[in-house]
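Data block for target.cif (mmCIF, C-alpha atoms (C1' of nucleotides)):
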data_structure
loop_
_atom_site.group_PDB
_atom_site.id
_atom_site.type_symbol
_atom_site.label_atom_id
_atom_site.label_comp_id
_atom_site.auth_asym_id
_atom_site.auth_seq_id
_atom_site.Cartn_x
_atom_site.Cartn_y
_atom_site.Cartn_z
ATOM 1 C CA MET A 1 -19.682 20.862 12.867
ATOM 2 C CA ASN A 2 -16.351 20.929 11.044
ATOM 3 C CA ILE A 3 -14.071 17.973 10.587
ATOM 4 C CA SER A 4 -11.585 18.775 13.351
ATOM 5 C CA ASN A 5 -14.438 19.133 15.805
ATOM 6 C CA ALA A 6 -15.916 15.815 14.686
ATOM 7 C CA ALA A 7 -12.454 14.307 15.013
ATOM 8 C CA GLY A 8 -12.103 15.607 18.553
ATOM 9 C CA ARG A 9 -15.490 14.290 19.601
ATOM 10 C CA SER A 10 -15.244 10.905 17.914
ATOM 11 C CA GLY A 11 -11.581 10.198 18.511
ATOM 12 C CA VAL A 12 -11.049 9.519 14.801
ATOM 13 C CA PRO A 13 -8.407 11.703 13.068
ATOM 14 C CA PRO A 14 -9.487 14.030 10.233
ATOM 15 C CA LYS A 15 -7.462 12.143 7.636
ATOM 16 C CA THR A 16 -9.108 8.918 8.644
ATOM 17 C CA ILE A 17 -12.557 10.510 8.573
ATOM 18 C CA ARG A 18 -11.985 11.678 4.992
ATOM 19 C CA TYR A 19 -10.877 8.188 4.122
ATOM 20 C CA TYR A 20 -13.992 6.695 5.740
ATOM 21 C CA GLU A 21 -16.136 9.058 3.697
ATOM 22 C CA GLU A 22 -14.264 8.083 0.537
ATOM 23 C CA ILE A 23 -15.055 4.400 1.100
ATOM 24 C CA GLY A 24 -18.638 5.168 2.071
ATOM 25 C CA LEU A 25 -18.602 4.466 5.812
ATOM 26 C CA VAL A 26 -19.883 7.940 6.683
ATOM 27 C CA ARG A 27 -21.710 10.513 4.581
ATOM 28 C CA PRO A 28 -21.449 13.939 6.200
ATOM 29 C CA LEU A 29 -23.355 16.835 4.646
ATOM 30 C CA ARG A 30 -21.611 19.755 2.975
ATOM 31 C CA GLN A 31 -21.724 23.413 3.807
ATOM 32 C CA ALA A 32 -22.085 26.055 1.084
ATOM 33 C CA ASN A 33 -18.305 26.591 1.128
ATOM 34 C CA GLY A 34 -17.572 22.925 0.481
ATOM 35 C CA TYR A 35 -16.612 22.100 4.066
ATOM 36 C CA ARG A 36 -17.974 18.867 5.495
ATOM 37 C CA ALA A 37 -20.839 19.327 7.975
ATOM 38 C CA PHE A 38 -21.035 16.587 10.601
ATOM 39 C CA ARG A 39 -24.239 15.833 12.493
ATOM 40 C CA ASP A 40 -24.307 14.107 15.833
ATOM 41 C CA THR A 41 -25.262 10.873 14.102
ATOM 42 C CA ASP A 42 -22.112 11.124 11.978
ATOM 43 C CA VAL A 43 -20.003 11.603 15.087
ATOM 44 C CA HIS A 44 -21.662 8.612 16.735
ATOM 45 C CA LYS A 45 -20.946 6.515 13.678
ATOM 46 C CA LEU A 46 -17.335 7.611 13.725
ATOM 47 C CA ALA A 47 -16.997 6.730 17.397
ATOM 48 C CA PHE A 48 -18.556 3.340 16.685
ATOM 49 C CA LEU A 49 -16.021 2.812 13.918
ATOM 50 C CA GLY A 50 -13.215 3.906 16.214
ATOM 51 C CA HIS A 51 -14.226 1.334 18.810
ATOM 52 C CA ALA A 52 -14.624 -1.431 16.254
ATOM 53 C CA ARG A 53 -11.218 -0.652 14.749
ATOM 54 C CA ALA A 54 -9.692 -0.615 18.232
ATOM 55 C CA LEU A 55 -10.900 -4.200 18.631
ATOM 56 C CA GLY A 56 -9.117 -4.978 15.377
ATOM 57 C CA PHE A 57 -12.132 -5.456 13.121
ATOM 58 C CA GLY A 58 -11.318 -4.943 9.456
ATOM 59 C CA ILE A 59 -12.990 -2.250 7.418
ATOM 60 C CA GLU A 60 -15.479 -4.603 5.780
ATOM 61 C CA ASP A 61 -16.397 -6.046 9.164
ATOM 62 C CA CYS A 62 -16.899 -2.476 10.387
ATOM 63 C CA ARG A 63 -19.194 -1.795 7.471
ATOM 64 C CA ALA A 64 -21.238 -4.889 8.279
ATOM 65 C CA LEU A 65 -21.345 -4.093 12.018
ATOM 66 C CA LEU A 66 -22.452 -0.548 11.259
ATOM 67 C CA ALA A 67 -25.287 -1.864 9.115
ATOM 68 C CA LEU A 68 -26.305 -4.258 11.883
ATOM 69 C CA TRP A 69 -26.172 -1.472 14.447
ATOM 70 C CA GLU A 70 -28.577 0.554 12.325
ATOM 71 C CA ASN A 71 -30.786 -2.413 11.628
ATOM 72 C CA GLU A 72 -33.321 -2.669 14.431
ATOM 73 C CA THR A 73 -34.419 -6.105 13.299
ATOM 74 C CA ARG A 74 -30.914 -7.573 13.329
ATOM 75 C CA ALA A 75 -30.229 -11.011 14.714
ATOM 76 C CA SER A 76 -27.488 -10.938 17.340
ATOM 77 C CA ALA A 77 -26.332 -14.238 15.848
ATOM 78 C CA GLU A 78 -24.965 -12.347 12.850
ATOM 79 C CA VAL A 79 -23.018 -9.953 15.053
ATOM 80 C CA LYS A 80 -21.699 -12.851 17.061
ATOM 81 C CA ARG A 81 -20.664 -14.692 13.915
ATOM 82 C CA ILE A 82 -18.563 -11.750 12.717
ATOM 83 C CA ALA A 83 -17.003 -11.276 16.143
ATOM 84 C CA THR A 84 -16.269 -14.974 16.542
ATOM 85 C CA GLU A 85 -14.540 -15.159 13.193
ATOM 86 C CA HIS A 86 -12.509 -12.109 14.043
ATOM 87 C CA LEU A 87 -11.567 -13.634 17.371
ATOM 88 C CA ALA A 88 -10.281 -16.680 15.520
ATOM 89 C CA THR A 89 -8.222 -14.422 13.258
ATOM 90 C CA ILE A 90 -6.705 -12.711 16.268
ATOM 91 C CA ASP A 91 -5.917 -16.047 17.891
ATOM 92 C CA ALA A 92 -4.244 -17.211 14.697
ATOM 93 C CA LYS A 93 -2.094 -14.084 14.624
ATOM 94 C CA ILE A 94 -1.127 -14.511 18.250
ATOM 95 C CA ALA A 95 -0.210 -18.127 17.553
ATOM 96 C CA ASP A 96 1.949 -17.073 14.589
ATOM 97 C CA LEU A 97 3.741 -14.490 16.681
ATOM 98 C CA ARG A 98 4.313 -16.898 19.519
ATOM 99 C CA ALA A 99 5.713 -19.445 17.085
ATOM 100 C CA MET A 100 8.264 -16.818 16.092
ATOM 101 C CA ARG A 101 8.926 -15.585 19.577
ATOM 102 C CA GLY A 102 9.889 -18.915 21.093
ATOM 103 C CA PRO A 103 12.860 -19.791 18.885
ATOM 104 C CA LEU A 104 13.905 -16.163 18.613
ATOM 105 C CA ALA A 105 14.023 -15.682 22.359
ATOM 106 C CA GLU A 106 16.108 -18.840 22.710
ATOM 107 C CA LEU A 107 18.579 -17.600 20.140
ATOM 108 C CA VAL A 108 18.879 -14.180 21.736
ATOM 109 C CA GLU A 109 19.462 -15.887 25.064
ATOM 110 C CA ALA A 110 22.191 -18.073 23.587
ATOM 111 C CA CYS A 111 24.058 -15.252 21.865
ATOM 112 C CA ALA A 112 27.025 -13.831 23.739
ATOM 113 C CA GLY A 113 26.568 -10.407 22.215
ATOM 114 C CA ASP A 114 30.235 -9.496 22.323
ATOM 115 C CA ASP A 115 32.782 -8.413 19.689
ATOM 116 C CA ARG A 116 33.457 -11.926 18.409
ATOM 117 C CA PRO A 117 31.849 -13.217 15.198
ATOM 118 C CA GLU A 118 30.567 -16.507 16.596
ATOM 119 C CA CYS A 119 26.786 -16.210 16.853
ATOM 120 C CA PRO A 120 24.054 -18.817 17.424
ATOM 121 C CA ILE A 121 21.508 -16.559 15.734
ATOM 122 C CA ILE A 122 23.459 -16.428 12.465
ATOM 123 C CA ARG A 123 24.230 -20.143 12.707
ATOM 124 C CA SER A 124 20.551 -20.916 13.086
ATOM 125 C CA LEU A 125 19.583 -18.819 10.084
ATOM 126 C CA GLU A 126 22.149 -20.365 7.772
ATOM 127 C CA ALA A 127 21.319 -23.935 8.783
ATOM 128 C CA MET B 1 20.052 -23.375 -12.054
ATOM 129 C CA ASN B 2 16.724 -21.882 -13.072
ATOM 130 C CA ILE B 3 14.421 -19.972 -10.780
ATOM 131 C CA SER B 4 11.943 -22.770 -10.065
ATOM 132 C CA ASN B 5 14.803 -25.047 -9.092
ATOM 133 C CA ALA B 6 16.261 -22.381 -6.812
ATOM 134 C CA ALA B 7 12.802 -21.882 -5.363
ATOM 135 C CA GLY B 8 12.443 -25.585 -4.652
ATOM 136 C CA ARG B 9 15.843 -25.815 -2.979
ATOM 137 C CA SER B 10 15.576 -22.618 -0.944
ATOM 138 C CA GLY B 11 11.913 -22.786 -0.048
ATOM 139 C CA VAL B 12 11.377 -19.251 -1.360
ATOM 140 C CA PRO B 13 8.722 -18.885 -4.119
ATOM 141 C CA PRO B 14 9.801 -17.660 -7.580
ATOM 142 C CA LYS B 15 7.766 -14.459 -7.308
ATOM 143 C CA THR B 16 9.421 -13.643 -4.009
ATOM 144 C CA ILE B 17 12.873 -14.413 -5.407
ATOM 145 C CA ARG B 18 12.294 -11.938 -8.251
ATOM 146 C CA TYR B 19 11.180 -9.404 -5.695
ATOM 147 C CA TYR B 20 14.296 -10.019 -3.597
ATOM 148 C CA GLU B 21 16.441 -9.477 -6.658
ATOM 149 C CA GLU B 22 14.579 -6.266 -7.463
ATOM 150 C CA ILE B 23 15.366 -4.854 -4.016
ATOM 151 C CA GLY B 24 18.944 -6.072 -4.153
ATOM 152 C CA LEU B 25 18.912 -8.922 -1.633
ATOM 153 C CA VAL B 26 20.197 -11.458 -4.164
ATOM 154 C CA ARG B 27 22.030 -10.977 -7.442
ATOM 155 C CA PRO B 28 21.778 -14.118 -9.543
ATOM 156 C CA LEU B 29 23.702 -14.273 -12.816
ATOM 157 C CA ARG B 30 21.967 -14.332 -16.185
ATOM 158 C CA GLN B 31 22.108 -16.933 -18.899
ATOM 159 C CA ALA B 32 22.493 -15.949 -22.557
ATOM 160 C CA ASN B 33 18.715 -16.265 -23.028
ATOM 161 C CA GLY B 34 17.951 -13.841 -20.197
ATOM 162 C CA TYR B 35 16.981 -16.507 -17.669
ATOM 163 C CA ARG B 36 18.328 -16.058 -14.153
ATOM 164 C CA ALA B 37 21.197 -18.417 -13.269
ATOM 165 C CA PHE B 38 21.379 -19.267 -9.566
ATOM 166 C CA ARG B 39 24.587 -20.491 -7.948
ATOM 167 C CA ASP B 40 24.652 -22.481 -4.730
ATOM 168 C CA THR B 41 25.599 -19.332 -2.850
ATOM 169 C CA ASP B 42 22.445 -17.648 -4.165
ATOM 170 C CA VAL B 43 20.350 -20.564 -2.989
ATOM 171 C CA HIS B 44 21.994 -20.435 0.437
ATOM 172 C CA LYS B 45 21.271 -16.732 0.671
ATOM 173 C CA LEU B 46 17.650 -17.342 -0.266
ATOM 174 C CA ALA B 47 17.323 -20.049 2.368
ATOM 175 C CA PHE B 48 18.882 -17.689 4.924
ATOM 176 C CA LEU B 49 16.335 -15.043 3.951
ATOM 177 C CA GLY B 50 13.537 -17.586 4.193
ATOM 178 C CA HIS B 51 14.544 -18.492 7.728
ATOM 179 C CA ALA B 52 14.930 -14.871 8.789
ATOM 180 C CA ARG B 53 11.523 -13.994 7.339
ATOM 181 C CA ALA B 54 10.002 -17.004 9.105
ATOM 182 C CA LEU B 55 11.201 -15.478 12.383
ATOM 183 C CA GLY B 56 9.417 -12.304 11.369
ATOM 184 C CA PHE B 57 12.447 -10.125 10.616
ATOM 185 C CA GLY B 58 11.633 -7.251 8.297
ATOM 186 C CA ILE B 59 13.316 -6.884 4.948
ATOM 187 C CA GLU B 60 15.798 -4.267 6.128
ATOM 188 C CA ASP B 61 16.714 -6.435 9.114
ATOM 189 C CA CYS B 62 17.208 -9.304 6.667
ATOM 190 C CA ARG B 63 19.507 -7.152 4.585
ATOM 191 C CA ALA B 64 21.547 -6.265 7.675
ATOM 192 C CA LEU B 65 21.645 -9.870 8.908
ATOM 193 C CA LEU B 66 22.765 -11.048 5.483
ATOM 194 C CA ALA B 67 25.604 -8.540 5.526
ATOM 195 C CA LEU B 68 26.619 -9.683 9.010
ATOM 196 C CA TRP B 69 26.492 -13.301 7.930
ATOM 197 C CA GLU B 70 28.904 -12.527 5.119
ATOM 198 C CA ASN B 71 31.126 -10.404 7.301
ATOM 199 C CA GLU B 72 33.642 -12.697 8.974
ATOM 200 C CA THR B 73 34.731 -9.959 11.352
ATOM 201 C CA ARG B 74 31.232 -9.215 12.622
ATOM 202 C CA ALA B 75 30.534 -8.650 16.286
ATOM 203 C CA SER B 76 27.786 -10.930 17.560
ATOM 204 C CA ALA B 77 26.610 -7.942 19.624
ATOM 205 C CA GLU B 78 25.271 -6.349 16.455
ATOM 206 C CA VAL B 79 23.334 -9.469 15.522
ATOM 207 C CA LYS B 80 21.999 -9.703 19.038
ATOM 208 C CA ARG B 81 20.946 -6.056 18.992
ATOM 209 C CA ILE B 82 18.871 -6.544 15.844
ATOM 210 C CA ALA B 83 17.303 -9.725 17.202
ATOM 211 C CA THR B 84 16.564 -8.166 20.573
ATOM 212 C CA GLU B 85 14.827 -5.190 19.001
ATOM 213 C CA HIS B 86 12.814 -7.494 16.806
ATOM 214 C CA LEU B 87 11.855 -9.555 19.820
ATOM 215 C CA ALA B 88 10.558 -6.396 21.467
ATOM 216 C CA THR B 89 8.526 -5.612 18.342
ATOM 217 C CA ILE B 90 6.992 -9.083 18.431
ATOM 218 C CA ASP B 91 6.192 -8.736 22.119
ATOM 219 C CA ALA B 92 4.522 -5.392 21.431
ATOM 220 C CA LYS B 93 2.400 -6.929 18.702
ATOM 221 C CA ILE B 94 1.394 -9.814 20.924
ATOM 222 C CA ALA B 95 0.475 -7.338 23.659
ATOM 223 C CA ASP B 96 -1.646 -5.329 21.202
ATOM 224 C CA LEU B 97 -3.457 -8.447 20.062
ATOM 225 C CA ARG B 98 -4.061 -9.640 23.570
ATOM 226 C CA ALA B 99 -5.433 -6.227 24.490
ATOM 227 C CA MET B 100 -7.967 -6.715 21.712
ATOM 228 C CA ARG B 101 -8.644 -10.328 22.440
ATOM 229 C CA GLY B 102 -9.619 -9.912 26.061
ATOM 230 C CA PRO B 103 -12.592 -7.558 25.673
ATOM 231 C CA LEU B 104 -13.622 -9.176 22.401
ATOM 232 C CA ALA B 105 -13.750 -12.645 23.934
ATOM 233 C CA GLU B 106 -15.853 -11.331 26.803
ATOM 234 C CA LEU B 107 -18.302 -9.743 24.418
ATOM 235 C CA VAL B 108 -18.594 -12.867 22.307
ATOM 236 C CA GLU B 109 -19.189 -14.834 25.465
ATOM 237 C CA ALA B 110 -21.927 -12.451 26.590
ATOM 238 C CA CYS B 111 -23.770 -12.418 23.264
ATOM 239 C CA ALA B 112 -26.735 -14.741 23.006
ATOM 240 C CA GLY B 113 -26.291 -15.215 19.283
ATOM 241 C CA ASP B 114 -29.957 -15.755 18.562
ATOM 242 C CA ASP B 115 -32.473 -14.050 16.269
ATOM 243 C CA ARG B 116 -33.158 -11.133 18.613
ATOM 244 C CA PRO B 117 -31.545 -7.714 18.080
ATOM 245 C CA GLU B 118 -30.264 -7.233 21.637
ATOM 246 C CA CYS B 119 -26.480 -7.624 21.522
ATOM 247 C CA PRO B 120 -23.767 -6.766 24.051
ATOM 248 C CA ILE B 121 -21.216 -6.500 21.253
ATOM 249 C CA ILE B 122 -23.157 -3.765 19.470
ATOM 250 C CA ARG B 123 -23.921 -2.057 22.765
ATOM 251 C CA SER B 124 -20.252 -1.995 23.633
ATOM 252 C CA LEU B 125 -19.275 -0.504 20.289
ATOM 253 C CA GLU B 126 -21.831 2.288 20.435
ATOM 254 C CA ALA B 127 -21.013 3.239 24.013
ATOM 255 C "C1'" DC C 1 -8.558 46.985 3.306
ATOM 256 C "C1'" DC C 2 -4.927 43.815 3.844
ATOM 257 C "C1'" DT C 3 -2.485 40.358 5.890
ATOM 258 C "C1'" DT C 4 -1.690 36.559 8.817
ATOM 259 C "C1'" DG C 5 -2.584 32.152 10.335
ATOM 260 C "C1'" DA C 6 -5.545 28.434 11.100
ATOM 261 C "C1'" DC C 7 -8.687 26.086 9.046
ATOM 262 C "C1'" DC C 8 -10.570 23.431 5.085
ATOM 263 C "C1'" DT C 9 -10.462 21.143 0.278
ATOM 264 C "C1'" DT C 10 -8.632 17.657 -3.320
ATOM 265 C "C1'" DC C 11 -5.249 14.728 -5.230
ATOM 266 C "C1'" DC C 12 -1.104 11.907 -5.290
ATOM 267 C "C1'" DA C 13 2.395 9.009 -3.258
ATOM 268 C "C1'" DG C 14 4.093 5.752 -0.050
ATOM 269 C "C1'" DC C 15 4.151 2.303 3.632
ATOM 270 C "C1'" DG C 16 5.506 -3.797 3.777
ATOM 271 C "C1'" DA C 17 6.138 -7.638 1.497
ATOM 272 C "C1'" DC C 18 4.549 -9.703 -1.537
ATOM 273 C "C1'" DT C 19 0.935 -11.778 -5.069
ATOM 274 C "C1'" DG C 20 -1.904 -12.259 -9.280
ATOM 275 C "C1'" DG C 21 -2.284 -11.655 -13.937
ATOM 276 C "C1'" DA C 22 -1.311 -10.213 -18.726
ATOM 277 C "C1'" DA C 23 1.612 -10.261 -22.729
ATOM 278 C "C1'" DG C 24 5.152 -12.299 -24.805
ATOM 279 C "C1'" DC C 25 9.858 -14.915 -25.435
ATOM 280 C "C1'" DC C 26 12.400 -19.595 -25.073
ATOM 281 C "C1'" DC C 27 13.037 -24.445 -25.199
ATOM 282 C "C1'" DT C 28 11.886 -29.258 -25.792
ATOM 283 C "C1'" DA C 29 9.137 -32.984 -27.460
ATOM 284 C "C1'" DT C 30 6.092 -34.786 -30.651
ATOM 285 C "C1'" DA D 1 4.633 -27.053 -37.034
ATOM 286 C "C1'" DT D 2 2.760 -26.989 -32.848
ATOM 287 C "C1'" DA D 3 1.758 -27.686 -28.097
ATOM 288 C "C1'" DG D 4 3.226 -27.335 -23.448
ATOM 289 C "C1'" DG D 5 5.698 -25.582 -19.901
ATOM 290 C "C1'" DG D 6 8.921 -22.359 -18.034
ATOM 291 C "C1'" DC D 7 10.876 -18.064 -18.273
ATOM 292 C "C1'" DT D 8 10.760 -12.810 -18.797
ATOM 293 C "C1'" DT D 9 8.929 -7.952 -17.655
ATOM 294 C "C1'" DC D 10 5.564 -4.797 -16.080
ATOM 295 C "C1'" DC D 11 1.349 -3.260 -13.852
ATOM 296 C "C1'" DA D 12 -2.122 -3.482 -10.380
ATOM 297 C "C1'" DG D 13 -3.868 -4.715 -6.029
ATOM 298 C "C1'" DT D 14 -3.613 -5.958 -1.130
ATOM 299 C "C1'" DC D 15 -4.845 -3.023 3.984
ATOM 300 C "C1'" DG D 16 -5.761 1.147 6.336
ATOM 301 C "C1'" DC D 17 -4.261 4.765 6.623
ATOM 302 C "C1'" DT D 18 -0.695 8.879 6.595
ATOM 303 C "C1'" DG D 19 2.166 12.665 4.816
ATOM 304 C "C1'" DG D 20 2.550 16.323 1.832
ATOM 305 C "C1'" DA D 21 1.608 19.663 -1.915
ATOM 306 C "C1'" DA D 22 -1.308 23.142 -3.927
ATOM 307 C "C1'" DG D 23 -4.863 26.015 -3.199
ATOM 308 C "C1'" DG D 24 -9.635 27.850 -1.327
ATOM 309 C "C1'" DT D 25 -12.033 29.965 3.148
ATOM 310 C "C1'" DC D 26 -12.609 32.383 7.193
ATOM 311 C "C1'" DA D 27 -12.049 35.224 11.490
ATOM 312 C "C1'" DA D 28 -9.099 38.411 13.885
ATOM 313 C "C1'" DG D 29 -5.859 42.168 14.159
ATOM 314 C "C1'" DG D 30 -3.361 46.366 12.312
#
This entry written out as structure tokens:
Amino acid sequence: MNISNAAGRSGVPPKTIRYYEEIGLVRPLRQANGYRAFRDTDVHKLAFLGHARALGFGIEDCRALLALWENETRASAEVKRIATEHLATIDAKIADLRAMRGPLAELVEACAGDDRPECPIIRSLEA
Amino acid sequence: MNISNAAGRSGVPPKTIRYYEEIGLVRPLRQANGYRAFRDTDVHKLAFLGHARALGFGIEDCRALLALWENETRASAEVKRIATEHLATIDAKIADLRAMRGPLAELVEACAGDDRPECPIIRSLEA
DNA sequence: CCTTGACCTTCCAGCGACTGGAAGCCCTAT
DNA sequence: ATAGGGCTTCCAGTCGCTGGAAGGTCAAGG
């Protein structure tokens, strides 16, 4: 299976697949002509990575989750630990964004938005 | 005024100030020995930038806001436009994070987190 | 047989906004 | 004279791709 086919089946773009190979997340075989040859297991790995990335896991987390997936004697506690930490990271990011959003929304609300120079947003930034 | 002093007064770290000079956001003078010489206006600009960055504005937005701040004939509509677009960007990011958080929190909840391999998180990723 | 076009390959650069570190100059105090 | 602290520049790395250039490969059509 060529890369574009693997991309179509896994949902991971070709460029990203090459990158994942470069950093050792997948190891497709090679055909005689140098083209990558993807097995079903490679495609499954790529789909797994796609799902993990969609949940926001970082690359190193993905690497660890992949290893746990392939490890039949894993402890679910380790998976849960990674996911829980990531959840905390997400919550921290949401909190940061909300801390920005509040004041910003107030300022936008207070700004007349006309052709005069007076502006609560600018006044707040210079204060 | 030297850079560490300007950093202390503006709240912007020395490294970041040098970076801001490099990209043309501030233009401190130079002393005979090559040290940067910050005027009060430079410090005010840096503080302005610090506040704008704290609200999450990107560097190019900061550059535009700085120009509007210094432009006495500005229209507040332009400031409001930039802020409104940025608010939408923040809302989009929050939405993305919440879209991740929901399923992830459910999975964490459902995972036993013990020494057995069975794990809803892994099962969800491979599906 | 030749060309066209769609693949594939590698390598390099850039994104945003810094941040860390190395190498070396400057100034003051002892 | 030296020790220290602060200043300078420049380079590399962060994170996860993504775009593009230059060139090899392959199947179909004239």
Selection dump of the PyMOL selection byres ((chain B) within 10 of (chain C)), as a ChimeraX atom specification: /B:15-16,19-20,33-35,58-59
The PyMOL selection byres ((chain B) within 6 of (chain A)) applied to the shown file, residues as a PyMOL selection string: chain B and resi 48+51+55+73-77+80+94+100+113-117+119+125-126
Shortest interatomic distance to chain A - which of D:DG16, D:DG23, D:DG29, D:DG5, counting all atoms listed in the file: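 For chain A, the nearest of the given residues is D:DG16.
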Evaluate the PyMOL selection byres ((chain D) within 9 of (chain B)) here and jot the selected residues down as a PDB file with C-alpha atoms (C1' of nucleotides), in the frame of the given file.
ATOM      1  C1'  DG D   6       8.921 -22.359 -18.034  1.00  0.00           C
ATOM      2  C1'  DC D   7      10.876 -18.064 -18.273  1.00  0.00           C
ATOM      3  C1'  DT D   8      10.760 -12.810 -18.797  1.00  0.00           C
TER       4       DT D   8
END
Straight-line distance linking atom CA of A:Phe38 with atom C1' of D:DA27, stated in Å to one decimal: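 Atom C1' of D:DA27 lies at a distance of 20.7 Å from atom CA of A:Phe38.
Atom C1' of D:DC11 to atom CA of B:Leu29 spans 24.9 Å [interatomic distance, one decimal].
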